[in-house]
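Just below is one structure, and these are the notes that go with it.
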Amino acid sequence: MKVDYHMHLEMGSLTLDYLEEFWQQAQRQGLDEIGISEHGHNFRQYEGIMGHLRTGQDAYPKIIRWLSKKFSLDLDDYVALIQAGKDRGWVLKLGLEMDYIPGKEAEIAALIEAYPWDYVLGSVHFMGKWGFDFSPEVGWPDKDTNSAYEAYFTALLGATKTGLFDSITHPDLIKIFGHQATIPLEPYYDAMAEALARTDTCVEINAAGLRKPVGIIYPHPDFLRKCQEKGVPITLACDAHYPNDVGNGIDQAIKLARSVGYSEVATFSRRQRTLQPIG
Ligand SMILES: [Zn+2]
Ligand SMILES: [Zn+2]
């Protein structure tokens with residue numbers, strides 16, 4: 001089964017016409033099923049979880065400007081749209097990509113409870129108020145790369161340990177702009193694989209890295225191999241932000257999965273996981 005469980009409508013609109021472009025591209029790419037996973041922060045219901053990132057002395061001006069356009073849509077409209085697509089016979093899943101913000105676990109859990117998600121992705125894009133994937137010019141010039149990696153994997157481990165999410169996305173996104181840590185990352189890979197296994201959470205293989213400065217898939221093969229050894233299932237993702245990117249890189253993601261020993265991919269309905277043969 002060929003699936004892609006990570007894509008965003010945010011560059012277009014919450015309309016059936018726009019959603020249909022994603023489904024049509026999925027069919028052209030030979031995908032059997034796609035999951036739409038809009039960012040939580042596009043919705044007014046997420047303001048209580050991330051709104052504080054745009055206030056205070058330590059907020060980043062570019063991130064304040066970016067967040068000023070967020071929290072504008074309504075989750076009810078989004079959920080209804082995906083259902084309307086399903087009603088047309090499109091093979092869609094209702095997902096959400098939620099930023100993990102330490103201290104906001106109760107609010108995140110409440111939003112997960114409140115809607116009939118097929119699956120929920122857990123992400124780390126922020127350490128404190130620094131959105132590290134925003135731009136190499138935002139924050140990075142002042143940071144020590146090793147410390148950034150340590151903070152990133154600590155946050156990712158925190159997200160995993162909550163057990164709130166069905167899959168942890170792009171799980172070494174910190175490499176997005178090509179910054180390389182010189183500290184050993186094996187202990188973090190071990191801790192992540194262990195926590196994923198213990199909380200029965202999937203790990204995502206995300207092909208978007210191919211389209212970013214780093215030019216390679218998330219996560220590192222050594223990380224993925226440790227997940228495979230611990231029996232952690234995978235989800236597969238292109239992370240499309242435009243219809244044309246649906247399924248883009250999925251074949252490379254499948255190749256990476258197979259290279260470390262995976263033969264199955266996780267699919268979800270109403271948060272019940274089913275493993276399917278890959279490809
Ligand atoms: Zn993301
Ligand atoms: Zn995404």
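To be explicit about the labels: the chains of the structure tokens are called A, B, and onward in the order shown, and within each one the residues are counted from 1, while ligands get numbers from 1 in the order they are shown.
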
At a cut-off of 9 Å around ligand 2, and using only C-alpha atoms and all ligand atoms, what residues come up? Please write them as a ChimeraX atom specification. /A:6-8,37-39,97,121,123,169-170,208,237-241

Write out the residues from the selection above, keeping C-alpha atoms, as an mmCIF file, in the first residue's frame.
data_model
loop_
_atom_site.group_PDB
_atom_site.id
_atom_site.type_symbol
_atom_site.label_atom_id
_atom_site.label_comp_id
_atom_site.auth_asym_id
_atom_site.auth_seq_id
_atom_site.Cartn_x
_atom_site.Cartn_y
_atom_site.Cartn_z
ATOM 1 C CA HIS A 6 1.464 14.471 5.881
ATOM 2 C CA MET A 7 0.289 17.459 3.824
ATOM 3 C CA HIS A 8 -1.022 20.976 4.319
ATOM 4 C CA SER A 37 -2.389 17.087 8.498
ATOM 5 C CA GLU A 38 -2.903 20.844 8.751
ATOM 6 C CA HIS A 39 -0.808 22.724 11.297
ATOM 7 C CA GLU A 97 0.149 18.292 12.875
ATOM 8 C CA LEU A 121 1.179 14.036 14.313
ATOM 9 C CA SER A 123 6.081 17.975 15.934
ATOM 10 C CA THR A 169 7.174 13.871 12.491
ATOM 11 C CA HIS A 170 10.389 14.788 10.680
ATOM 12 C CA ALA A 208 10.507 17.128 2.666
ATOM 13 C CA ALA A 237 5.198 11.597 4.491
ATOM 14 C CA CYS A 238 5.947 14.086 1.738
ATOM 15 C CA ASP A 239 4.942 17.112 3.872
ATOM 16 C CA ALA A 240 3.451 18.814 0.787
ATOM 17 C CA HIS A 241 2.499 22.462 1.186
#

In Å, how far is it from CA of Tyr262 (chain A) to CA of Leu164 (chain A)?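 According to the coordinates, CA of Tyr262 (chain A) and CA of Leu164 (chain A) are separated by 23.9 Å.
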
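Shortest atom-to-atom contact with ligand 1 among A:Phe126, A:Phe43, A:Tyr242, A:Trp66: A:Phe126, counting only C-alpha atoms and all ligand atoms.
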
Residue among A:Ile183, A:Ile176, A:Leu256, A:Ala195 lying closest to ligand 1, counting only C-alpha atoms and all ligand atoms: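 Of A:Ile183, A:Ile176, A:Leu256, A:Ala195, the one nearest ligand 1, counting only C-alpha atoms and all ligand atoms, is A:Ile176.
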
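Proximity of A:Lys255, A:Lys70, A:His125, A:His179 to ligand 1, computed with only C-alpha atoms and all ligand atoms, is greatest for A:His125.
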
Residues of region 149-273 of chain A classed as strand (DSSP E) by DSSP on the backbone are to be reported as a count of residues only. 19
